[in-house]
Amino acid sequence: MENILIEKEGSIAIITINRPTKLNALNKATIQELHDGFKALNNDKEVKAIIITGSGEKAFVAGADISEFANFSVENGAKLAAEGQALLFDYVQNLSTPVIAAVNGFALGGGLELAMSCHFRTTSDNAKMGLPEVTLGVIPGYGGTQRLAHLVGKGRAMEMIMTAGMVDAVTALNYGLVNHVVAQEELLDFTKGIATKIARNSTVAIGKAIEAVNANYTDGVDGFKVEIENFGACFGTEDFKEGTTAFLEKRKAVFPGK
């Protein structure tokens, strides 16, 4: 891994995008490394929550590496978006292990798209977020037009995309784009605290919940039906047995993991 760092603290894993001289901009190599990192951590039975953040104090991810696609054709542009969405952005959204974006500075273009693909977001009080693609004569291509509207509503998404403007952390909180805003020096520890609470719970049930929530935002899929099916499936798991037994015995559950 040349562009990312991975460390584990007990049941929590932290991925740090480490391209500080490029403000952690996403290029093809970084997208591939992130895919590989998320895949490995999702398969790691010890990891129950993943935090992704950027190196340094300026940026989470300041955007995509424009030099890689400045001369692309129509076909190449469409292929870039399709491959990127499948490899990273859709992949993260549908990961069964919870992923929290700790947005520690600028999250622009592909950076905001990456943060939005995570299951939820915390942010530092100096963060700025936006989708400036129209200033380059292109639109967001890694799911930004879809996920931003889901999170903040159609009108606000339209305004952010068409003006190419940035919103600050407090505005992002008011919009529902992020869940929490804290001082930058507190961001990682604060996010680890949330991840620790998640890690105490059933990883199997959380994975089923992620699938059910995502189903509501998938065309042609009945989210209520997925919820019913996943609710029923939980009854056949060791986690369900442990959780209900612990409740009846008035003790804390110790879930077996993935």
# chains A, B, ... in the order shown; residues from 1 in each chain; ligands from 1
>>> select_by_dssp(residues="segment 86-251 of chain A", states="helix (DSSP H, G or I)", output="ChimeraX atom specification")
/A:86-93,110-117,133-136,144-152,154-163,169-175,184-199,203-215,223-234,238-248
>>> closest_atom_pairs(of="segment 146-197 of chain A", to="segment 79-100 of chain A", cutoff="10 Å", atoms="only C-alpha atoms", output="JSON lines")
{"residue": "A:Thr191", "atom": "CA", "partner": "A:Ile100", "partner_atom": "CA", "distance": 7.7}
{"residue": "A:Lys192", "atom": "CA", "partner": "A:Ile100", "partner_atom": "CA", "distance": 9.4}
{"residue": "A:Ile194", "atom": "CA", "partner": "A:Ile100", "partner_atom": "CA", "distance": 9.0}
{"residue": "A:Ala195", "atom": "CA", "partner": "A:Ile100", "partner_atom": "CA", "distance": 7.9}
>>> select_by_dssp(residues="segment 31-238 of chain A", states="strand (DSSP E or B)", output="PyMOL selection string")
chain A and resi 49-54+59-61+64+99-103+106-108+120-124+128-130+166-168+180-182
>>> residues_around(residues="Cys234 of chain A", least_positions_apart="2", cutoff="12 Å", atoms="only C-alpha atoms", output="list in words")
Ser202, Thr203, Val204, Ala205, Ile206, Gly207, Lys208, Ala209, Glu227, Ile228, Glu229, Asn230, Phe231, Gly232, Gly236, Thr237, Glu238, Asp239, Phe240, Lys241, Glu242, Gly243 and Thr244 of chain A
>>> residues_around(residues="Ile161 of chain A", least_positions_apart="4", cutoff="9 Å", atoms="only C-alpha atoms", output="PDB file with N, CA and C atoms, in the first residue's frame")
ATOM      1  N   GLY A 130     -18.093  20.008  -0.640  1.00  0.00           N
ATOM      2  CA  GLY A 130     -18.760  20.463  -1.845  1.00  0.00           C
ATOM      3  C   GLY A 130     -18.486  19.567  -3.037  1.00  0.00           C
ATOM      4  N   LEU A 131     -19.251  19.795  -4.095  1.00  0.00           N
ATOM      5  CA  LEU A 131     -19.087  19.074  -5.358  1.00  0.00           C
ATOM      6  C   LEU A 131     -18.841  20.116  -6.453  1.00  0.00           C
ATOM      7  N   PRO A 132     -17.576  20.457  -6.711  1.00  0.00           N
ATOM      8  CA  PRO A 132     -17.256  21.542  -7.640  1.00  0.00           C
ATOM      9  C   PRO A 132     -17.095  21.115  -9.098  1.00  0.00           C
ATOM     10  N   GLU A 133     -17.562  19.936  -9.462  1.00  0.00           N
ATOM     11  CA  GLU A 133     -17.272  19.376 -10.784  1.00  0.00           C
ATOM     12  C   GLU A 133     -17.726  20.260 -11.939  1.00  0.00           C
ATOM     13  N   VAL A 134     -18.846  20.987 -11.777  1.00  0.00           N
ATOM     14  CA  VAL A 134     -19.339  21.783 -12.912  1.00  0.00           C
ATOM     15  C   VAL A 134     -18.379  22.909 -13.296  1.00  0.00           C
ATOM     16  N   ILE A 139     -19.878  16.604 -14.413  1.00  0.00           N
ATOM     17  CA  ILE A 139     -20.721  16.451 -13.234  1.00  0.00           C
ATOM     18  C   ILE A 139     -20.101  15.430 -12.289  1.00  0.00           C
ATOM     19  N   PRO A 140     -20.569  15.367 -11.046  1.00  0.00           N
ATOM     20  CA  PRO A 140     -20.090  14.309 -10.162  1.00  0.00           C
ATOM     21  C   PRO A 140     -20.351  12.950 -10.791  1.00  0.00           C
ATOM     22  N   GLY A 144     -22.282  11.148  -6.636  1.00  0.00           N
ATOM     23  CA  GLY A 144     -22.571  12.384  -5.931  1.00  0.00           C
ATOM     24  C   GLY A 144     -23.951  12.951  -6.181  1.00  0.00           C
ATOM     25  N   THR A 145     -24.432  12.884  -7.425  1.00  0.00           N
ATOM     26  CA  THR A 145     -25.758  13.435  -7.727  1.00  0.00           C
ATOM     27  C   THR A 145     -26.855  12.645  -7.026  1.00  0.00           C
ATOM     28  N   ARG A 156     -31.492  21.341  -2.024  1.00  0.00           N
ATOM     29  CA  ARG A 156     -30.158  21.686  -1.528  1.00  0.00           C
ATOM     30  C   ARG A 156     -29.076  21.023  -2.371  1.00  0.00           C
ATOM     31  N   ALA A 157     -29.320  19.788  -2.797  1.00  0.00           N
ATOM     32  CA  ALA A 157     -28.345  19.107  -3.653  1.00  0.00           C
ATOM     33  C   ALA A 157     -28.196  19.844  -4.973  1.00  0.00           C
ATOM     34  N   GLY A 165     -20.539  25.407  -4.864  1.00  0.00           N
ATOM     35  CA  GLY A 165     -20.115  26.029  -3.620  1.00  0.00           C
ATOM     36  C   GLY A 165     -19.818  25.018  -2.527  1.00  0.00           C
TER      37      GLY A 165
END
>>> closest_residue(among="A:Glu68, A:Glu7, A:Glu249, A:Glu57", to="Ala29 of chain A", atoms="only C-alpha atoms")
A:Glu68
>>> closest_residue(among="A:Phe69, A:Ile210, A:Met1, A:Lys8", to="Gly37 of chain A", atoms="only C-alpha atoms")
A:Met1
>>> closest_residue(among="A:Ala13, A:Val138, A:Met166, A:Ala107", to="Phe72 of chain A", atoms="only C-alpha atoms")
A:Val138
>>> residues_around(residues="Thr196 of chain A", least_positions_apart="6", cutoff="8 Å", atoms="only C-alpha atoms", output="PyMOL selection string")
chain A and resi 11-12+49
>>> write_last_selection(atoms="N, CA, C and O atoms", output="tab-separated table (two decimals), in the first residue's frame")
chain	number	residue	atom	x	y	z
A	11	SER	N	-11.04	-4.09	17.99
A	11	SER	CA	-12.04	-4.45	16.98
A	11	SER	C	-12.32	-3.30	16.00
A	11	SER	O	-13.20	-3.42	15.15
A	12	ILE	N	-11.54	-2.22	16.10
A	12	ILE	CA	-11.73	-1.06	15.22
A	12	ILE	C	-10.53	-0.94	14.29
A	12	ILE	O	-9.37	-1.05	14.72
A	49	ALA	N	-15.74	-2.51	13.09
A	49	ALA	CA	-16.07	-1.17	12.59
A	49	ALA	C	-14.82	-0.59	11.93
A	49	ALA	O	-13.69	-0.86	12.36
>>> closest_residue(among="A:Ala64, A:Ile4, A:His35, A:Ile51", to="Lys22 of chain A", atoms="only C-alpha atoms")
A:Ala64
>>> residues_around(residues="Gly105 of chain A", least_positions_apart="4", cutoff="6 Å", atoms="only C-alpha atoms", output="mmCIF file with C-alpha atoms, in the first residue's frame")
data_model
loop_
_atom_site.group_PDB
_atom_site.id
_atom_site.type_symbol
_atom_site.label_atom_id
_atom_site.label_comp_id
_atom_site.auth_asym_id
_atom_site.auth_seq_id
_atom_site.Cartn_x
_atom_site.Cartn_y
_atom_site.Cartn_z
ATOM 1 C CA LYS A 58 -6.090 20.178 5.699
ATOM 2 C CA ALA A 59 -8.028 17.551 3.819
ATOM 3 C CA PHE A 60 -10.023 14.357 4.053
ATOM 4 C CA ALA A 127 -14.169 21.005 7.365
#
>>> closest_residue(among="A:Thr135, A:Ser67, A:Thr21, A:Thr16", to="Phe38 of chain A", atoms="only C-alpha atoms")
A:Thr16
>>> residues_around(residues="Ala172 of chain A", least_positions_apart="6", cutoff="12 Å", atoms="only C-alpha atoms", output="list in words")
Val103, Ala107, Leu112, Met116, Arg121, Thr122, Thr123, Ser124, Asp125, Asn126, Ala127, Lys128, Met129, Gly130, Leu148, Leu151, Val152, Arg156, Ala157, Met160, Met166, Val178, Asn179, His180 and Val181 of chain A
>>> closest_residue(among="A:Asp65, A:Asp219, A:Glu46, A:Glu159", to="Lys28 of chain A", atoms="only C-alpha atoms")
A:Asp65
